[in-house]
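Colleague: Take a look at this one; I'll ask things after.
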Amino acid sequence: MKILVTGGTGYIGSHTCVQLIDKGWQPVILDSLVNSKVSVIDRIESITGHRPPFIQGDVRDADLLGKLLLEHGIEAVIHFAGLKAVGESVAQPLRYYDNNVHGSVVLMQVMQQCGVKTMVFSSSATVYGHSSAPPWNEQVPTSPANPYGRSKLMVDHIMADVAAADATCAMTSLRYFNPVGAHPSGQMGEDPQGVPNNLMPYLSQVAVGRREALQIYGKDYNTPDGTGVRDYIHVNDLAKGHVAALAYSHERPGHHVFNLGSGIGHSVLDMLHAFGKACGRDLPYNFAPRRSGDLDAYWADPQHALNTLGWQVEKTIDDMCQDTWRWQSQNPNGYP
Ligand code: NAD
Ligand code: UFG
């Protein structure tokens, strides 16, 4: 199967391309490089022995998309391309709605014109409301707290409407919990620009000496050790979830929603200690005030993905930390 992967040089997209190639499918990558580097393609080739076609361009460019779908004989799309910084989405909401929502609408319009019926989309656990006790299944009421989350939920709704209007379309939203980790080869990983907002990239930059100490946001949450609890999922498990979702949905029209998580919550201190073990030293940290908008604790109920896709996570937080450390120590400044 030939698959257009938008955002395919990004963190999750690049790992998914490796899994698609392993499965014998052929990814074609479209990415504007707004948040990734083209050298990722070399790494995909080095890991798999196959160099996927790469087109630099924007998903909002309908002419380019149309040409691409037809010239490459695309049969399905995995749509990762989007902006993902929550704080930035609060400051620049129109940029987020234009990129994430308008970009997805253009993509679905062009797919319709070209007769491409299958799409798998990067949604997020951030679409869920904050009032339900974990674990969160797919029925938890949605009520995202910021423009980024709302942009994801809007696309979920649009996909449901498209699938309802055309009984031959298969539209699948994957709601990721906290993706972390790196390819076990150490050749691919997360490479954020500037100061990382998220826990794992910050921790790994502390470990490699690029940052002084981790600030732990809050020590009085209603959790066993007082620090925030999340459901961390290894990016390779997440990538395999895309392969499973695509294989399933390509045969089954409709709108499908799956949570992709491990079903287990880990605290910030759990992650700090696991990372210390992986890199062989205690990492410096201090406690800082809570970060606005953060919740105490949530994790996935991943039963629907297990029962329907036969997918579940295989990797532990030790794997996540070891693989992140291998990537970060071999590539202290990220991709060239
Ligand atoms: P990433 O920034 O590494 O990858 C996104 C890629 O999309 C980048 O390579 C970027 O250059 C590209 N891109 C952005 N806008 C584009 C456009 N208009 N046209 C073409 N390319 C464009 O992010 P990621 O962590 O790999 O996330 C992938 C997707 O998963 C995103 O949609 C994100 O919102 C979603 N997601 C991520 C997380 C997470 O914690 N990483 C959690 C839930 C959902
Ligand atoms: N944290 C720290 N110090 C840091 C960074 C984070 O203590 O420097 C803590 C946070 O307070 C939280 C935990 O580590 O308790 C995880 O924080 P992240 O920023 O890594 O992740 P979030 O759970 O806040 O959000 C992430 C993505 C969202 C996505 C969500 C899905 O950033 O885009 O997971 O569950 F929607």
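Identifiers in this document derive from the order of the structure tokens: chains are assigned A, B, ..., residues are numbered from 1 separately in each chain, and ligands are numbered from 1 in order of occurrence.
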May I have a table of the residues of chain A lying at most 7 Å from ligand 2, giving each one's closest pair of atoms and their distance in Å to one decimal, counting only C-alpha atoms and all ligand atoms, ordered by chain and ascending residue number, as a tab-separated table?
Modeller:
```
residue	atom	partner	partner_atom_place_in_ligand_line	distance
A:Lys84	CA	ligand 2	33 (O)	5.9
A:Ala85	CA	ligand 2	33 (O)	6.5
A:Val86	CA	ligand 2	33 (O)	6.3
A:Ser124	CA	ligand 2	36 (F)	5.1
A:Ala125	CA	ligand 2	35 (O)	4.6
A:Thr126	CA	ligand 2	36 (F)	4.2
A:Gly149	CA	ligand 2	36 (F)	6.9
A:Tyr176	CA	ligand 2	31 (C)	6.1
A:Phe177	CA	ligand 2	35 (O)	4.0
A:Asn178	CA	ligand 2	34 (O)	4.5
A:Asn197	CA	ligand 2	19 (O)	5.6
A:Asn198	CA	ligand 2	20 (O)	3.5
A:Leu199	CA	ligand 2	5 (C)	3.7
A:Met200	CA	ligand 2	20 (O)	6.2
A:Tyr202	CA	ligand 2	8 (O)	5.8
A:Leu214	CA	ligand 2	8 (O)	5.9
A:Gln215	CA	ligand 2	3 (N)	5.1
A:Ile216	CA	ligand 2	7 (O)	3.4
A:Tyr217	CA	ligand 2	7 (O)	4.0
A:Gly218	CA	ligand 2	11 (O)	6.8
A:Thr227	CA	ligand 2	15 (O)	6.5
A:Gly228	CA	ligand 2	15 (O)	3.7
A:Val229	CA	ligand 2	15 (O)	5.8
A:Arg230	CA	ligand 2	23 (O)	6.1
A:Val268	CA	ligand 2	14 (O)	5.4
A:Arg290	CA	ligand 2	11 (O)	6.7
A:Arg291	CA	ligand 2	11 (O)	5.9
A:Asp294	CA	ligand 2	11 (O)	5.9
```
Colleague: I'd like the contact shell of Asn236 of chain A - 8 Å cut-off, only C-alpha atoms, skipping same-chain residues fewer than 2 positions apart - returned as a PDB file with all heavy atoms, in the first residue's frame.
Modeller:
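Produced file result18.pdb, reproduced below:
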```pdb
ATOM      1  N   HIS A  15       9.079   7.834  13.071  1.00  0.00           N
ATOM      2  CA  HIS A  15       9.063   6.473  13.637  1.00  0.00           C
ATOM      3  C   HIS A  15       7.980   5.626  12.966  1.00  0.00           C
ATOM      4  O   HIS A  15       8.160   4.415  12.773  1.00  0.00           O
ATOM      5  CB  HIS A  15       8.843   6.532  15.155  1.00  0.00           C
ATOM      6  CG  HIS A  15      10.041   7.052  15.902  1.00  0.00           C
ATOM      7  ND1 HIS A  15      10.334   8.389  15.995  1.00  0.00           N
ATOM      8  CD2 HIS A  15      11.035   6.399  16.552  1.00  0.00           C
ATOM      9  CE1 HIS A  15      11.454   8.541  16.679  1.00  0.00           C
ATOM     10  NE2 HIS A  15      11.904   7.355  17.027  1.00  0.00           N
ATOM     11  N   THR A  16       6.883   6.262  12.595  1.00  0.00           N
ATOM     12  CA  THR A  16       5.811   5.518  11.922  1.00  0.00           C
ATOM     13  C   THR A  16       6.247   5.099  10.521  1.00  0.00           C
ATOM     14  O   THR A  16       5.941   3.977  10.078  1.00  0.00           O
ATOM     15  CB  THR A  16       4.524   6.372  11.888  1.00  0.00           C
ATOM     16  OG1 THR A  16       4.161   6.679  13.237  1.00  0.00           O
ATOM     17  CG2 THR A  16       3.385   5.639  11.206  1.00  0.00           C
ATOM     18  N   GLN A  19       8.068   1.895  10.724  1.00  0.00           N
ATOM     19  CA  GLN A  19       7.165   0.742  10.932  1.00  0.00           C
ATOM     20  C   GLN A  19       6.393   0.403   9.658  1.00  0.00           C
ATOM     21  O   GLN A  19       6.134  -0.770   9.380  1.00  0.00           O
ATOM     22  CB  GLN A  19       6.185   1.022  12.081  1.00  0.00           C
ATOM     23  CG  GLN A  19       6.848   1.145  13.442  1.00  0.00           C
ATOM     24  CD  GLN A  19       7.631  -0.101  13.839  1.00  0.00           C
ATOM     25  OE1 GLN A  19       7.263  -1.228  13.513  1.00  0.00           O
ATOM     26  NE2 GLN A  19       8.736   0.094  14.537  1.00  0.00           N
ATOM     27  N   GLY A 181      10.363   8.538  24.233  1.00  0.00           N
ATOM     28  CA  GLY A 181      11.252   7.479  23.768  1.00  0.00           C
ATOM     29  C   GLY A 181      11.826   7.805  22.399  1.00  0.00           C
ATOM     30  O   GLY A 181      11.619   8.896  21.852  1.00  0.00           O
ATOM     31  N   ALA A 182      12.551   6.836  21.852  1.00  0.00           N
ATOM     32  CA  ALA A 182      13.276   7.052  20.611  1.00  0.00           C
ATOM     33  C   ALA A 182      13.453   5.697  19.942  1.00  0.00           C
ATOM     34  O   ALA A 182      13.214   4.650  20.563  1.00  0.00           O
ATOM     35  CB  ALA A 182      14.636   7.671  20.911  1.00  0.00           C
ATOM     36  N   HIS A 183      13.930   5.709  18.682  1.00  0.00           N
ATOM     37  CA  HIS A 183      14.185   4.431  18.014  1.00  0.00           C
ATOM     38  C   HIS A 183      15.328   3.710  18.734  1.00  0.00           C
ATOM     39  O   HIS A 183      16.335   4.343  19.081  1.00  0.00           O
ATOM     40  CB  HIS A 183      14.529   4.669  16.536  1.00  0.00           C
ATOM     41  CG  HIS A 183      14.505   3.410  15.752  1.00  0.00           C
ATOM     42  ND1 HIS A 183      15.620   2.615  15.586  1.00  0.00           N
ATOM     43  CD2 HIS A 183      13.483   2.767  15.131  1.00  0.00           C
ATOM     44  CE1 HIS A 183      15.278   1.542  14.885  1.00  0.00           C
ATOM     45  NE2 HIS A 183      13.998   1.618  14.589  1.00  0.00           N
ATOM     46  N   HIS A 234       5.801   4.571  24.563  1.00  0.00           N
ATOM     47  CA  HIS A 234       7.007   4.575  23.714  1.00  0.00           C
ATOM     48  C   HIS A 234       6.602   4.869  22.268  1.00  0.00           C
ATOM     49  O   HIS A 234       5.643   4.284  21.748  1.00  0.00           O
ATOM     50  CB  HIS A 234       7.691   3.211  23.801  1.00  0.00           C
ATOM     51  CG  HIS A 234       9.081   3.200  23.231  1.00  0.00           C
ATOM     52  ND1 HIS A 234       9.334   3.391  21.886  1.00  0.00           N
ATOM     53  CD2 HIS A 234      10.299   3.042  23.816  1.00  0.00           C
ATOM     54  CE1 HIS A 234      10.650   3.333  21.671  1.00  0.00           C
ATOM     55  NE2 HIS A 234      11.260   3.129  22.840  1.00  0.00           N
ATOM     56  N   LEU A 238       3.653   3.434  19.717  1.00  0.00           N
ATOM     57  CA  LEU A 238       2.679   4.337  19.097  1.00  0.00           C
ATOM     58  C   LEU A 238       2.703   4.175  17.576  1.00  0.00           C
ATOM     59  O   LEU A 238       1.646   4.098  16.923  1.00  0.00           O
ATOM     60  CB  LEU A 238       3.031   5.773  19.495  1.00  0.00           C
ATOM     61  CG  LEU A 238       2.080   6.881  19.077  1.00  0.00           C
ATOM     62  CD1 LEU A 238       0.694   6.655  19.658  1.00  0.00           C
ATOM     63  CD2 LEU A 238       2.608   8.244  19.546  1.00  0.00           C
ATOM     64  N   ALA A 239       3.908   4.092  17.015  1.00  0.00           N
ATOM     65  CA  ALA A 239       4.048   3.925  15.562  1.00  0.00           C
ATOM     66  C   ALA A 239       3.369   2.621  15.120  1.00  0.00           C
ATOM     67  O   ALA A 239       2.648   2.591  14.118  1.00  0.00           O
ATOM     68  CB  ALA A 239       5.530   3.917  15.189  1.00  0.00           C
ATOM     69  N   LYS A 240       3.558   1.557  15.903  1.00  0.00           N
ATOM     70  CA  LYS A 240       2.909   0.273  15.558  1.00  0.00           C
ATOM     71  C   LYS A 240       1.390   0.397  15.658  1.00  0.00           C
ATOM     72  O   LYS A 240       0.660  -0.267  14.908  1.00  0.00           O
ATOM     73  CB  LYS A 240       3.407  -0.842  16.478  1.00  0.00           C
ATOM     74  CG  LYS A 240       4.849  -1.232  16.187  1.00  0.00           C
ATOM     75  CD  LYS A 240       5.302  -2.341  17.128  1.00  0.00           C
ATOM     76  CE  LYS A 240       6.760  -2.692  16.865  1.00  0.00           C
ATOM     77  NZ  LYS A 240       7.287  -3.647  17.865  1.00  0.00           N
TER      78      LYS A 240
END
```
Colleague: Taking only C-alpha atoms and all ligand atoms into account, list the residues no farther than 8 Å from ligand 1, as an MDAnalysis selection string.
Modeller: chainID A and resid 6:14 30:37 56:60 79:85 99:100 103 121:126 148 152 175:180 190:192 198
Colleague: If we count only C-alpha atoms, what is near Ile317 of chain A at a cut-off of 10 Å, once residues fewer than 2 positions away on the same chain are taken out, given as a VMD selection string?
Modeller: chain A and resid 180 to 181 231 to 234 266 270 to 271 274 to 275 315 319 to 323
Colleague: Hey, which of A:Pro284, A:Gly209, A:Gly293, A:Gly241 ends up closest to Ser262 of chain A? Count only C-alpha atoms.
Modeller: A:Gly241
Colleague: Could you please write out, as an mmCIF file with N, CA and C atoms, in the first residue's frame, every residue of segment 9-132 of chain A that DSSP assigns to strand (DSSP E or B)?
Modeller:
```
data_model
loop_
_atom_site.group_PDB
_atom_site.id
_atom_site.type_symbol
_atom_site.label_atom_id
_atom_site.label_comp_id
_atom_site.auth_asym_id
_atom_site.auth_seq_id
_atom_site.Cartn_x
_atom_site.Cartn_y
_atom_site.Cartn_z
ATOM 1 N N GLN A 26 4.608 1.446 1.527
ATOM 2 C CA GLN A 26 5.486 2.489 0.980
ATOM 3 C C GLN A 26 5.036 3.883 1.388
ATOM 4 N N PRO A 27 5.706 4.486 2.375
ATOM 5 C CA PRO A 27 5.347 5.855 2.742
ATOM 6 C C PRO A 27 5.903 6.871 1.744
ATOM 7 N N VAL A 28 5.117 7.910 1.496
ATOM 8 C CA VAL A 28 5.565 9.077 0.728
ATOM 9 C C VAL A 28 5.392 10.255 1.684
ATOM 10 N N ILE A 29 6.485 10.981 1.948
ATOM 11 C CA ILE A 29 6.448 11.989 3.018
ATOM 12 C C ILE A 29 6.223 13.389 2.458
ATOM 13 N N LEU A 30 5.257 14.095 3.052
ATOM 14 C CA LEU A 30 5.066 15.524 2.783
ATOM 15 C C LEU A 30 5.286 16.261 4.091
ATOM 16 N N ASP A 31 6.212 17.216 4.109
ATOM 17 C CA ASP A 31 6.445 17.985 5.342
ATOM 18 C C ASP A 31 6.967 19.361 4.941
ATOM 19 N N PHE A 54 10.434 12.132 -0.568
ATOM 20 C CA PHE A 54 10.144 13.271 0.324
ATOM 21 C C PHE A 54 9.791 14.485 -0.515
ATOM 22 N N ILE A 55 8.686 15.127 -0.174
ATOM 23 C CA ILE A 55 8.285 16.368 -0.848
ATOM 24 C C ILE A 55 8.177 17.444 0.219
ATOM 25 N N GLN A 56 8.933 18.534 0.036
ATOM 26 C CA GLN A 56 8.794 19.646 0.983
ATOM 27 C C GLN A 56 7.610 20.499 0.541
ATOM 28 N N ALA A 76 -3.910 5.696 0.915
ATOM 29 C CA ALA A 76 -4.339 6.062 2.269
ATOM 30 C C ALA A 76 -3.419 7.181 2.767
ATOM 31 N N VAL A 77 -3.898 7.913 3.783
ATOM 32 C CA VAL A 77 -3.122 9.040 4.324
ATOM 33 C C VAL A 77 -3.002 8.872 5.840
ATOM 34 N N ILE A 78 -1.800 9.094 6.357
ATOM 35 C CA ILE A 78 -1.648 9.269 7.808
ATOM 36 C C ILE A 78 -1.267 10.730 8.017
ATOM 37 N N HIS A 79 -2.113 11.425 8.777
ATOM 38 C CA HIS A 79 -2.004 12.887 8.849
ATOM 39 C C HIS A 79 -1.442 13.339 10.214
ATOM 40 N N THR A 118 -9.194 6.617 2.851
ATOM 41 C CA THR A 118 -8.746 6.200 4.194
ATOM 42 C C THR A 118 -7.809 7.233 4.793
ATOM 43 N N MET A 119 -8.130 7.693 6.013
ATOM 44 C CA MET A 119 -7.217 8.616 6.705
ATOM 45 C C MET A 119 -7.104 8.234 8.180
ATOM 46 N N VAL A 120 -5.870 8.272 8.673
ATOM 47 C CA VAL A 120 -5.601 8.090 10.103
ATOM 48 C C VAL A 120 -5.033 9.414 10.599
ATOM 49 N N PHE A 121 -5.594 9.918 11.684
ATOM 50 C CA PHE A 121 -5.275 11.280 12.138
ATOM 51 C C PHE A 121 -4.700 11.271 13.554
ATOM 52 N N SER A 122 -3.708 12.166 13.790
ATOM 53 C CA SER A 122 -3.099 12.355 15.111
ATOM 54 C C SER A 122 -3.986 13.228 15.966
ATOM 55 N N SER A 123 -4.827 12.601 16.774
ATOM 56 C CA SER A 123 -5.572 13.369 17.760
ATOM 57 C C SER A 123 -4.829 13.244 19.091
ATOM 58 N N SER A 124 -5.483 13.611 20.177
ATOM 59 C CA SER A 124 -4.737 13.696 21.432
ATOM 60 C C SER A 124 -5.656 13.478 22.622
ATOM 61 N N TYR A 128 -9.980 15.375 25.856
ATOM 62 C CA TYR A 128 -10.926 14.962 26.898
ATOM 63 C C TYR A 128 -11.093 16.061 27.937
#
```
Colleague: Within 10 Å of Leu65 of chain A, counting only C-alpha atoms, which residues show up once you throw out same-chain ones fewer than 3 positions away? Write them as a PyMOL selection string, please.
Modeller: chain A and resi 4+30+57-62+68-71+106-107+110-111+114
Colleague: Counting only C-alpha atoms, figure out which residue out of A:Arg150, A:Lys117, A:Lys2, A:Arg43 gets nearest to His72 of chain A.
Modeller: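 The closest residue to His72 of chain A is A:Lys2.
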Colleague: I want to know what sits within 8 Å of Pro147 of chain A, based on only C-alpha atoms, with residues of the same chain fewer than 6 positions away left out; could you give that as a compact mmCIF listing (two decimals) with C-alpha atoms, in the first residue's frame?
Modeller:
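After the write, result04.txt holds the following:
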```txt
# COMPACT_ATOMS: atom_id res chain seq x y z
CA VAL A 86 -0.16 24.39 23.85
CA SER A 89 -1.74 28.00 20.59
CA VAL A 90 -3.10 30.26 23.35
CA PRO A 93 -4.95 30.78 18.02
CA TYR A 96 -3.20 26.99 15.05
CA TYR A 97 -6.71 26.84 13.58
```
Colleague: Using only C-alpha atoms, which of the listed residues (A:Asp156, A:Asp161, A:Asp220, A:Glu75) sits closest to Ser104 of chain A?
Modeller: A:Asp156
Colleague: With a distance cut-off of 10 Å and only C-alpha atoms, select the neighbouring residues of His304 of chain A, excluding the residue or stretch itself and same-chain residues fewer than 2 positions from it, and output the selection as a count of residues only.
Modeller: 15
Colleague: Could you tell me how far atom CA of Asp237 of chain A sits from atom CA of Thr316 of chain A, in Å to one decimal place?
Modeller: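 These two atoms are separated by 10.2 Å.
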Colleague: In terms of the shortest atom-to-atom distance over only C-alpha atoms, which of A:Gln187, A:Gln303, A:Leu174, A:Val155 is closest to His242 of chain A?
Modeller: A:Leu174
Colleague: DSSP on the backbone: which residues in segment 36-162 of chain A end up as helix (DSSP H, G or I)? Give the answer as a VMD selection string.
Modeller: chain A and resid 40 to 48 62 to 71 86 to 91 93 to 114 125 to 127 147 to 162
Colleague: Do you know which residues are at most 12 Å from Ala165 of chain A counting only C-alpha atoms, after dropping those on the same chain fewer than 4 positions away, and could you put them as a VMD selection string?
Modeller: chain A and resid 112 158 to 161 169 to 171 253 to 255
Colleague: Those same residues - N, CA and C atoms - I'd like them written as a PDB file, in the first residue's frame.
Modeller:
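Once everything was written out, this is result.pdb:
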```
ATOM      1  N   GLN A 112     -10.906  13.563  -1.259  1.00  0.00           N
ATOM      2  CA  GLN A 112     -12.217  13.285  -1.858  1.00  0.00           C
ATOM      3  C   GLN A 112     -12.156  13.418  -3.390  1.00  0.00           C
ATOM      4  N   ILE A 158     -15.027  16.853  12.248  1.00  0.00           N
ATOM      5  CA  ILE A 158     -15.123  16.969  10.786  1.00  0.00           C
ATOM      6  C   ILE A 158     -14.967  15.581  10.153  1.00  0.00           C
ATOM      7  N   MET A 159     -14.028  14.802  10.669  1.00  0.00           N
ATOM      8  CA  MET A 159     -13.816  13.446  10.126  1.00  0.00           C
ATOM      9  C   MET A 159     -15.072  12.589  10.305  1.00  0.00           C
ATOM     10  N   ALA A 160     -15.718  12.731  11.466  1.00  0.00           N
ATOM     11  CA  ALA A 160     -16.951  11.960  11.710  1.00  0.00           C
ATOM     12  C   ALA A 160     -18.011  12.367  10.696  1.00  0.00           C
ATOM     13  N   ASP A 161     -18.127  13.665  10.416  1.00  0.00           N
ATOM     14  CA  ASP A 161     -19.130  14.151   9.459  1.00  0.00           C
ATOM     15  C   ASP A 161     -18.816  13.646   8.045  1.00  0.00           C
ATOM     16  N   CYS A 169     -15.916   6.013   3.143  1.00  0.00           N
ATOM     17  CA  CYS A 169     -14.725   6.622   3.778  1.00  0.00           C
ATOM     18  C   CYS A 169     -14.403   5.950   5.108  1.00  0.00           C
ATOM     19  N   ALA A 170     -13.109   5.785   5.388  1.00  0.00           N
ATOM     20  CA  ALA A 170     -12.659   5.267   6.687  1.00  0.00           C
ATOM     21  C   ALA A 170     -11.798   6.340   7.339  1.00  0.00           C
ATOM     22  N   MET A 171     -12.328   6.928   8.401  1.00  0.00           N
ATOM     23  CA  MET A 171     -11.662   8.048   9.072  1.00  0.00           C
ATOM     24  C   MET A 171     -11.350   7.625  10.505  1.00  0.00           C
ATOM     25  N   PRO A 253     -15.032   1.030   6.477  1.00  0.00           N
ATOM     26  CA  PRO A 253     -15.444   2.426   6.440  1.00  0.00           C
ATOM     27  C   PRO A 253     -16.126   2.849   7.746  1.00  0.00           C
ATOM     28  N   GLY A 254     -16.153   4.159   7.979  1.00  0.00           N
ATOM     29  CA  GLY A 254     -16.784   4.691   9.190  1.00  0.00           C
ATOM     30  C   GLY A 254     -15.818   5.608   9.917  1.00  0.00           C
ATOM     31  N   HIS A 255     -16.265   6.132  11.058  1.00  0.00           N
ATOM     32  CA  HIS A 255     -15.380   6.944  11.892  1.00  0.00           C
ATOM     33  C   HIS A 255     -14.989   6.133  13.106  1.00  0.00           C
TER      34      HIS A 255
END
```
Colleague: Please compute the atom CA of Asp166 of chain A-atom CA of Val105 of chain A distance, one decimal, in Å.
Modeller: 15.3 Å
Colleague: Rank A:Pro134, A:Pro144, A:Gly189, A:Gly129 by their smallest atom-to-atom distance to Ala300 of chain A, using only C-alpha atoms, and report the top residue only.
Modeller: A:Pro134
